[in-house]
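What follows is my_file.cif (mmCIF, C-alpha atoms).
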```cif
data_upload
loop_
_atom_site.label_atom_id
_atom_site.label_comp_id
_atom_site.auth_asym_id
_atom_site.auth_seq_id
_atom_site.Cartn_x
_atom_site.Cartn_y
_atom_site.Cartn_z
CA MET G 1 0.00 0.00 0.00
CA LYS G 2 2.86 2.36 0.84
CA PHE G 3 4.39 1.68 -2.57
CA LEU G 4 1.08 2.45 -4.34
CA ALA G 5 0.68 5.68 -2.36
CA LEU G 6 4.21 6.76 -3.27
CA ALA G 7 3.66 5.95 -6.94
CA ALA G 8 0.43 7.95 -6.97
CA ALA G 9 2.17 10.91 -5.33
CA LEU G 10 4.93 10.83 -7.94
CA LEU G 11 2.38 10.76 -10.76
CA LEU G 12 0.62 13.82 -9.31
CA ALA G 13 3.83 15.75 -8.66
CA PRO G 14 4.57 18.68 -10.99
CA PRO G 15 7.24 18.00 -13.63
CA LEU G 16 10.78 19.09 -12.96
CA ALA G 17 12.28 21.97 -14.95
CA ALA G 18 13.27 20.83 -18.40
CA GLU G 19 16.76 22.27 -18.10
CA PRO G 20 19.21 22.66 -15.20
CA THR G 21 20.21 26.16 -14.12
CA GLY G 22 23.23 25.53 -11.87
CA ALA G 23 25.81 26.26 -14.57
CA LEU G 24 24.12 29.40 -15.88
CA GLY G 25 24.67 33.08 -15.23
CA LEU G 26 23.79 36.55 -16.43
CA VAL G 27 26.04 39.37 -17.62
CA VAL G 28 24.75 42.94 -17.54
CA GLU G 29 25.13 44.71 -20.89
CA ARG G 30 24.81 48.23 -19.59
CA ALA G 31 24.60 50.26 -22.80
CA ASN G 32 21.58 48.54 -24.34
CA GLY G 33 19.59 47.49 -21.28
CA SER G 34 20.13 43.78 -21.89
CA LEU G 35 21.38 40.65 -20.13
CA LEU G 36 23.62 38.05 -21.73
CA VAL G 37 22.78 34.48 -20.65
CA VAL G 38 25.98 32.46 -20.23
CA ASP G 39 26.94 28.86 -19.48
CA GLN G 40 29.94 28.31 -17.20
CA GLY G 41 30.58 24.74 -18.32
CA GLU G 42 30.59 25.59 -22.01
CA ARG G 43 32.22 29.01 -21.47
CA ALA G 44 29.71 30.36 -23.95
CA SER G 45 26.81 32.77 -24.37
CA LEU G 46 23.39 31.19 -24.88
CA GLY G 47 21.22 34.18 -25.69
CA ARG G 48 20.17 37.69 -24.73
CA ILE G 49 17.28 39.17 -22.72
CA THR G 50 16.34 42.71 -23.76
CA GLY G 51 14.03 45.52 -22.65
CA LEU G 52 15.41 46.12 -19.15
CA GLY G 53 15.84 49.89 -19.22
CA ASP G 54 18.82 51.76 -17.77
CA LEU G 55 21.37 49.20 -16.55
CA SER G 56 24.22 51.68 -16.03
CA HIS G 57 24.55 50.67 -12.38
CA ALA G 58 22.54 47.46 -12.34
CA SER G 59 22.67 44.45 -10.05
CA LEU G 60 20.48 41.39 -9.61
CA VAL G 61 19.57 38.53 -7.28
CA TYR G 62 18.20 35.04 -7.93
CA SER G 63 15.18 33.08 -6.75
CA PRO G 64 15.97 30.00 -4.62
CA ASP G 65 15.35 27.66 -7.58
CA GLN G 66 17.86 29.69 -9.66
CA ARG G 67 15.38 30.08 -12.50
CA PHE G 68 14.36 33.70 -12.02
CA ALA G 69 16.49 36.80 -11.61
CA TYR G 70 15.33 40.12 -10.15
CA VAL G 71 17.11 43.00 -11.87
CA PHE G 72 17.53 46.41 -10.24
CA GLY G 73 17.93 49.13 -12.87
CA ARG G 74 19.27 52.62 -12.30
CA ASP G 75 16.04 54.09 -13.72
CA GLY G 76 14.01 52.62 -10.84
CA GLY G 77 12.86 49.60 -12.80
CA LEU G 78 12.48 46.24 -11.05
CA SER G 79 12.39 43.39 -13.57
CA LYS G 80 11.77 39.68 -13.10
CA VAL G 81 13.37 37.56 -15.82
CA ASP G 82 13.16 33.86 -16.64
CA ILE G 83 16.68 32.75 -17.56
CA LEU G 84 15.49 29.48 -19.14
CA ALA G 85 12.86 31.10 -21.34
CA GLN G 86 15.21 34.11 -21.80
CA GLU G 87 12.44 36.64 -21.35
CA VAL G 88 11.13 39.34 -19.04
CA VAL G 89 8.28 37.91 -16.95
CA ASN G 90 7.26 41.14 -15.21
CA ARG G 91 8.56 44.67 -14.81
CA VAL G 92 7.51 47.57 -12.57
CA MET G 93 8.82 51.12 -12.42
CA GLN G 94 8.99 51.44 -8.65
CA ALA G 95 11.08 54.62 -8.25
CA GLY G 96 12.96 57.33 -10.11
CA ASN G 97 16.50 56.20 -9.29
CA SER G 98 17.46 52.96 -7.56
CA ILE G 99 20.80 51.57 -6.42
CA GLY G 100 20.42 47.83 -5.88
CA GLY G 101 18.38 45.36 -3.91
CA ALA G 102 18.14 42.05 -2.08
CA ILE G 103 15.93 38.97 -1.77
CA SER G 104 14.78 37.59 1.59
CA ASP G 105 16.27 34.36 2.89
CA ASP G 106 13.03 32.47 2.14
CA GLY G 107 12.86 33.88 -1.39
CA THR G 108 9.42 35.47 -0.97
CA LEU G 109 10.32 39.18 -0.77
CA VAL G 110 12.42 41.46 -2.96
CA ALA G 111 13.60 44.79 -1.53
CA VAL G 112 14.88 47.74 -3.57
CA SER G 113 17.11 50.56 -2.32
CA ASN G 114 16.27 53.98 -3.78
CA TYR G 115 18.00 57.32 -4.28
CA GLU G 116 14.87 59.01 -5.61
CA PRO G 117 12.52 59.34 -3.78
CA GLY G 118 14.70 57.60 -1.21
CA GLY G 119 13.70 54.81 1.14
CA VAL G 120 13.22 51.10 0.51
CA ARG G 121 10.31 49.41 -1.22
CA VAL G 122 9.54 45.72 -0.76
CA PHE G 123 7.73 43.49 -3.28
CA ASP G 124 6.19 40.05 -3.47
CA ALA G 125 8.72 37.92 -5.36
CA GLY G 126 6.02 36.06 -7.25
CA THR G 127 3.85 38.91 -8.47
CA LEU G 128 6.01 42.04 -7.94
CA ASP G 129 3.11 43.59 -6.05
CA MET G 130 4.41 46.09 -3.48
CA VAL G 131 3.96 44.89 0.09
CA ALA G 132 5.76 47.70 1.96
CA ASP G 133 7.02 51.23 1.40
CA ILE G 134 9.63 52.36 3.94
CA PRO G 135 10.24 56.13 3.62
CA THR G 136 13.53 57.39 5.07
CA GLU G 137 13.83 61.00 3.83
CA SER G 138 17.29 59.97 2.64
CA LYS G 139 19.07 58.11 -0.12
CA THR G 140 19.49 54.49 0.93
CA VAL G 141 22.59 52.37 0.32
CA GLY G 142 24.16 49.09 1.40
CA LEU G 143 20.95 47.06 1.30
CA VAL G 144 21.50 43.38 2.23
CA ASP G 145 19.43 40.43 3.39
CA ILE G 146 20.02 38.68 6.72
CA PRO G 147 18.34 35.63 8.30
CA GLY G 148 14.74 35.82 9.50
CA ARG G 149 13.14 37.68 6.56
CA ARG G 150 15.09 40.81 7.47
CA PHE G 151 16.85 43.50 5.47
CA VAL G 152 19.55 45.94 6.59
CA PHE G 153 20.36 49.24 4.86
CA SER G 154 22.01 52.58 5.56
CA LEU G 155 20.96 56.20 5.07
CA TRP G 156 23.42 58.42 3.21
CA ASP G 157 21.92 61.70 4.42
CA LYS G 158 21.37 60.74 8.06
CA GLY G 159 24.28 58.50 8.99
CA GLU G 160 21.95 55.77 10.25
CA THR G 161 21.42 52.07 9.62
CA TRP G 162 17.95 50.53 9.70
CA ILE G 163 16.86 46.91 10.12
CA ALA G 164 13.50 45.99 8.55
CA ASP G 165 12.04 42.78 10.02
CA PHE G 166 9.33 41.06 7.95
CA SER G 167 9.00 37.91 10.06
CA GLY G 168 5.66 39.00 11.54
CA ASP G 169 2.35 40.25 10.22
CA GLU G 170 3.63 43.83 9.99
CA PRO G 171 7.20 44.99 9.31
CA GLU G 172 9.16 46.24 12.31
CA ILE G 173 11.86 48.89 11.85
CA THR G 174 14.89 49.25 14.13
CA ARG G 175 16.82 52.52 13.69
CA ILE G 176 20.51 52.63 14.64
CA PRO G 177 21.93 56.20 14.74
CA GLY G 178 25.55 57.26 14.95
CA MET G 179 26.96 55.20 12.08
CA GLY G 180 29.04 58.11 10.77
CA GLU G 181 28.96 60.69 8.02
CA ASN G 182 27.65 59.65 4.59
CA PRO G 183 27.66 55.84 4.52
CA TYR G 184 28.09 55.02 0.84
CA ASP G 185 28.06 51.20 0.75
CA ALA G 186 28.08 48.23 3.07
CA LEU G 187 28.68 44.50 3.34
CA VAL G 188 27.44 41.68 5.53
CA THR G 189 29.38 38.55 6.42
CA ALA G 190 28.21 35.18 5.12
CA ASN G 191 26.75 34.19 8.50
CA GLY G 192 24.71 37.40 8.67
CA ARG G 193 26.37 38.57 11.86
CA THR G 194 28.59 41.52 10.95
CA TYR G 195 27.47 44.52 8.91
CA ILE G 196 30.21 46.97 7.89
CA ALA G 197 29.44 50.38 6.37
CA GLY G 198 31.97 52.46 4.48
CA LEU G 199 31.86 56.19 5.20
CA PHE G 200 32.56 58.83 2.58
CA GLY G 201 32.81 61.63 5.14
CA ALA G 202 34.97 59.94 7.78
CA ASP G 203 38.37 58.29 8.10
CA HIS G 204 37.03 55.02 9.46
CA LEU G 205 34.37 52.38 8.86
CA SER G 206 31.48 51.40 11.14
CA ALA G 207 30.59 47.85 12.16
CA LEU G 208 27.45 46.36 13.71
CA ASP G 209 27.13 43.03 15.49
CA LEU G 210 23.66 41.98 14.33
CA TRP G 211 23.55 39.16 16.87
CA GLU G 212 23.26 41.73 19.66
CA ASP G 213 19.76 42.51 20.95
CA LYS G 214 20.48 46.20 20.42
CA PRO G 215 23.28 46.55 17.83
CA ARG G 216 25.56 49.55 18.40
CA PRO G 217 27.95 51.05 15.85
CA ARG G 218 31.63 50.48 16.42
CA ALA G 219 34.30 52.54 14.64
CA ILE G 220 36.92 50.35 13.00
CA LEU G 221 40.15 51.25 11.17
CA ASP G 222 39.94 54.70 12.72
CA GLY G 223 42.39 57.03 10.94
CA TYR G 224 43.41 54.47 8.30
CA ALA G 225 44.39 57.28 5.85
CA GLU G 226 46.07 59.49 8.45
CA GLY G 227 49.35 60.96 7.26
CA ARG G 228 48.78 59.84 3.67
CA GLU G 229 48.15 62.01 0.65
CA LYS G 230 44.42 62.21 -0.01
CA LEU G 231 44.09 61.32 -3.67
CA PRO G 232 41.17 62.25 -5.94
CA VAL G 233 38.51 59.51 -5.84
CA TYR G 234 37.60 58.69 -9.43
CA LYS G 235 35.21 55.87 -8.48
CA MET G 236 34.02 54.76 -5.08
CA PRO G 237 35.09 51.23 -4.14
CA HIS G 238 32.38 48.63 -3.69
CA LEU G 239 32.35 47.14 -0.22
CA GLU G 240 30.22 44.32 -1.60
CA GLY G 241 33.41 43.46 -3.45
CA TRP G 242 35.11 42.64 -0.15
CA ALA G 243 37.05 39.49 0.62
CA LEU G 244 37.11 37.17 3.62
CA THR G 245 40.17 34.96 3.67
CA GLY G 246 40.24 32.69 6.68
CA GLU G 247 40.08 35.07 9.65
CA GLU G 248 40.82 38.32 7.80
CA PHE G 249 38.81 40.80 5.78
CA VAL G 250 40.41 42.43 2.76
CA LEU G 251 38.91 45.85 2.11
CA PRO G 252 39.63 48.46 -0.59
CA ALA G 253 41.01 51.72 0.85
CA VAL G 254 39.12 54.81 -0.28
CA GLY G 255 41.42 57.23 -2.13
CA GLN G 256 44.52 55.07 -1.58
CA HIS G 257 46.52 52.66 -3.72
CA GLU G 258 46.22 49.75 -1.32
CA VAL G 259 43.99 47.15 0.26
CA LEU G 260 43.60 46.77 4.02
CA TRP G 261 43.81 43.51 5.96
CA VAL G 262 41.57 43.42 9.02
CA ASP G 263 41.18 40.77 11.72
CA ALA G 264 37.60 39.51 11.35
CA ARG G 265 37.33 38.84 15.10
CA ASP G 266 38.34 42.16 16.65
CA PHE G 267 38.65 44.44 13.58
CA THR G 268 42.27 45.40 14.19
CA GLU G 269 44.42 46.19 11.18
CA MET G 270 46.71 43.31 10.21
CA GLY G 271 48.53 44.84 7.26
CA ARG G 272 48.34 46.62 3.93
CA THR G 273 49.20 45.63 0.40
CA LYS G 274 50.20 48.25 -2.16
CA THR G 275 48.27 48.00 -5.39
CA HIS G 276 48.45 49.23 -8.96
CA GLY G 277 45.78 51.89 -8.41
CA GLN G 278 42.71 52.71 -6.33
CA PRO G 279 40.95 49.37 -5.80
CA ILE G 280 37.27 48.99 -6.66
CA PHE G 281 36.63 45.29 -6.03
CA ALA G 282 38.83 43.06 -3.87
CA ILE G 283 37.29 39.61 -4.26
CA ALA G 284 38.49 36.35 -2.71
CA ARG G 285 38.64 33.08 -4.57
CA PRO G 286 36.19 30.73 -2.81
CA ASP G 287 38.98 28.85 -1.02
CA GLY G 288 40.41 32.18 0.22
CA ARG G 289 43.93 31.61 -1.10
CA GLN G 290 43.85 34.44 -3.65
CA VAL G 291 42.34 37.92 -3.79
CA TRP G 292 41.73 39.47 -7.22
CA VAL G 293 41.64 43.27 -7.42
CA ASN G 294 40.52 45.70 -10.13
CA PHE G 295 40.91 49.46 -10.17
CA ALA G 296 39.37 52.87 -10.80
CA PRO G 297 40.23 54.97 -13.86
CA PRO G 298 42.78 55.64 -15.23
CA ASP G 299 44.18 52.27 -14.10
CA ASN G 300 41.16 50.18 -15.02
CA ASP G 301 42.86 48.04 -17.67
CA THR G 302 44.63 45.98 -15.01
CA LEU G 303 43.98 43.13 -12.59
CA GLN G 304 46.25 42.09 -9.74
CA VAL G 305 46.29 38.75 -7.96
CA ILE G 306 47.30 38.77 -4.28
CA ASP G 307 48.50 35.68 -2.43
CA THR G 308 46.73 35.81 0.93
CA ALA G 309 49.36 33.83 2.81
CA ALA G 310 52.10 36.30 1.87
CA LYS G 311 49.83 39.35 1.45
CA GLU G 312 51.79 40.12 -1.72
CA VAL G 313 50.86 40.72 -5.36
CA ILE G 314 51.97 37.62 -7.26
CA HIS G 315 50.65 38.38 -10.74
CA GLU G 316 49.39 41.23 -12.89
CA LEU G 317 47.06 40.87 -15.86
CA ARG G 318 45.88 43.34 -18.49
CA PRO G 319 42.62 42.03 -19.95
CA GLY G 320 41.88 45.34 -21.71
CA PRO G 321 40.33 48.77 -21.09
CA GLY G 322 37.47 49.12 -18.64
CA VAL G 323 37.75 46.08 -16.37
CA LEU G 324 34.56 46.40 -14.31
CA HIS G 325 33.67 43.16 -12.55
CA MET G 326 34.88 39.67 -11.62
CA GLU G 327 32.92 36.54 -10.74
CA PHE G 328 34.41 33.23 -9.59
CA THR G 329 32.85 29.92 -10.51
CA PRO G 330 31.38 28.36 -7.35
CA ARG G 331 34.49 26.31 -6.50
CA GLY G 332 36.91 28.90 -7.79
CA HIS G 333 38.65 27.06 -10.61
CA GLU G 334 37.87 29.94 -12.99
CA VAL G 335 37.19 33.66 -12.79
CA TRP G 336 35.15 35.56 -15.39
CA VAL G 337 36.12 39.19 -16.00
CA SER G 338 34.06 41.85 -17.79
CA VAL G 339 36.06 44.22 -20.00
CA ARG G 340 33.57 46.93 -20.93
CA ASP G 341 35.52 49.01 -23.43
CA ALA G 342 36.80 45.96 -25.32
CA GLY G 343 33.30 44.43 -25.48
CA LYS G 344 34.22 41.07 -24.05
CA ILE G 345 34.28 38.66 -21.12
CA VAL G 346 37.64 36.99 -20.42
CA VAL G 347 37.71 33.65 -18.59
CA TYR G 348 40.88 32.84 -16.61
CA ASP G 349 42.15 29.64 -15.00
CA THR G 350 42.84 30.65 -11.37
CA GLN G 351 45.66 28.11 -10.97
CA THR G 352 47.68 28.83 -14.10
CA LEU G 353 46.39 32.44 -14.42
CA GLU G 354 46.12 31.84 -18.17
CA PRO G 355 43.15 33.03 -20.28
CA LEU G 356 40.87 30.20 -21.42
CA ARG G 357 38.20 31.90 -23.51
CA GLU G 358 36.90 35.28 -24.65
CA ILE G 359 33.16 35.83 -25.08
CA GLU G 360 31.75 38.79 -26.98
CA ALA G 361 29.45 41.07 -24.96
CA ASP G 362 28.01 44.54 -25.47
CA ASN G 363 29.52 46.92 -22.88
CA PRO G 364 29.53 44.25 -20.14
CA SER G 365 29.63 45.13 -16.46
CA GLY G 366 28.25 42.90 -13.67
CA ILE G 367 28.58 39.11 -13.89
CA PHE G 368 26.21 37.03 -11.76
CA PHE G 369 26.25 33.21 -11.60
CA THR G 370 23.18 31.40 -10.29
CA ALA G 371 25.13 29.98 -7.32
CA ARG G 372 24.47 33.39 -5.71
CA ALA G 373 20.93 32.15 -5.05
CA HIS G 374 22.26 30.20 -2.06
CA ARG G 375 24.52 32.84 -0.52
CA LEU G 376 23.48 35.46 2.03
CA GLY G 377 23.97 39.15 1.40
CA LEU G 378 24.43 39.04 -2.39
#
```

Would you write out, as structure tokens, the structure that this file holds?
Amino acid sequence: MKFLALAAALLLAPPLAAEPTGALGLVVERANGSLLVVDQGERASLGRITGLGDLSHASLVYSPDQRFAYVFGRDGGLSKVDILAQEVVNRVMQAGNSIGGAISDDGTLVAVSNYEPGGVRVFDAGTLDMVADIPTESKTVGLVDIPGRRFVFSLWDKGETWIADFSGDEPEITRIPGMGENPYDALVTANGRTYIAGLFGADHLSALDLWEDKPRPRAILDGYAEGREKLPVYKMPHLEGWALTGEEFVLPAVGQHEVLWVDARDFTEMGRTKTHGQPIFAIARPDGRQVWVNFAPPDNDTLQVIDTAAKEVIHELRPGPGVLHMEFTPRGHEVWVSVRDAGKIVVYDTQTLEPLREIEADNPSGIFFTARAHRLGL
């Protein structure tokens, strides 16, 4: 009888997706408002999704099943795309100027961080119906997801960080003042415990322990640029392009030609590594042994590879003009690099550091593999 019941249940079960998604990814083609669908295993492009508006500073997140991507456009557009069908499923213009977003840990809510009119808006992931509007009277930045259907974000104009909790019937907002002047970006650790905000108007960063009942800001790396020439900042570094290597963070230094090594337990500085230019992304290979760094103009034709054991640059690459983004395959055997001004993606072997393939792309910027669906804070 048990066998018959199981057989009946299998017959009634919905069919599985016709194609796997684990090896797929999307590349933002910023000039034409399109996404290039790519296959990691084949190192090839599979097609293009168009009609996504202004993608000049776009990012995206994935549904838990890796089939759908939620794209946050600079024009305030929120788009849901089906990467198997290669089409836009739904699209709403939710603001005038947005700067990224996040998906809740259960995959049911999508939150968008806005410059204009400010605040954060939260949508049903299935329908894109708005479920909450959180006004802040400020530009919002550094929006990430943390466990428990919660989102964390910072307020550029007010120097605050807010936690929005959607675990109950109504959202609850916790306001944390005193973060510092003009937070411009933030990161959260993979376990959801530590939130670090970069400050444009201060010579330190601010950290929050989100496991505390009442998180309080803590200044870290206070005075990290003291006594150094303050260089023009041509492009702000992305703290979401941080690295965690064992027990150390690697963070790009604002306005300096170096990355900072910070003890992840007590936030003390452990060292600095001089770099080719002002770092934008400092991203760790998944095993933590290497950190790959790209740079702001006019040095943005170069990549440097840092050995984390020695904290030294061991290799320098020049993929071409306008290196914007890097994405490691889930186990780190390859890294894909977007080279905007050369119109290509370059795939490198991370052991030999040799190029393996070039893929044509139209003004490529962000690269997002579907493995991100199972990682917090991305």

Q: Give me the residues within 6 Å of range 258-260 of chain G as a PyMOL selection string, counting only C-alpha atoms and dropping any in the same chain fewer than 3 places off.
A: chain G and resi 250-253+272-275

Q | Protein/DNA/RNA residues near (19.4, 46.0, -1.1), cut 6 Å, all atoms listed in the file, as an MDAnalysis selection string | A | chainID G and resid 100:102 111:113 143:144

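In terms of minimum interatomic distance to Leu55 in chain G, G:Pro364 ranks closest within G:Gly22, G:Gly168, G:Gly201, G:Pro364, counting all atoms listed in the file.
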
Q) Do you know which residues are at most 10 Å from Tyr195 in chain G counting all atoms listed in the file, after dropping those on the same chain fewer than 3 positions away, and could you put them as an MDAnalysis selection string? A) chainID G and resid 142 144 146 152:153 161 186:189 192 206:210 217 377

Q: Given the file shown, enumerate the residues that the PyMOL selection byres ((chain G and resi 57-69) around 9) captures and present them as a count of residues only.
A: 44

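Here the question is which of G:Thr268, G:Gln290, G:Gln351, G:Ser45 gets nearest to Gln86 in chain G using all atoms listed in the file, and that residue is G:Ser45.
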
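Considering all atoms listed in the file, the residue among G:Ala284, G:Ala264, G:Val293, G:Val131 positioned nearest to Thr308 in chain G is G:Ala284.
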
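Using only C-alpha atoms for every distance, the candidate list G:Asn300, G:Thr350, G:Thr194, G:Leu78 yields G:Asn300 as the residue closest to Ser338 in chain G.
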
**Q.** CA of Gly255 in chain G to CA of Met326 in chain G, distance in Å rounded to a single decimal
**A.** 21.0 Å

Q: Mind checking which residues fall within 8 Å of range 316-321 of chain G, counting only C-alpha atoms, ignoring those fewer than 3 positions away in the same chain, and posting them as a ChimeraX atom specification?
A: /G:300-305,313,339-342,346

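What the PyMOL selection byres ((chain G and resi 95) around 8) matches in the given file is Asp75, Gly76, Gly77, Met93, Gln94, Gly96, Asn97, Ser98, Asn114, Glu116 and Pro117 of chain G.
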
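Residue nearest His276 in chain G within the list G:Ala309, G:Asp165, G:Asp263, G:His315: G:His315 [criterion: smallest interatomic distance, all atoms listed in the file].
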
Q | Residue among G:Glu269, G:Asp39, G:Glu87, G:Glu137 lying closest to Thr329 in chain G, counting only C-alpha atoms | A | G:Asp39

Q: Evaluate the PyMOL selection byres ((chain G and resi 359) around 6) on the structure here and hand back the selected residues as JSON, numbers by chain.
A: {"G": [344, 345, 358, 360]}
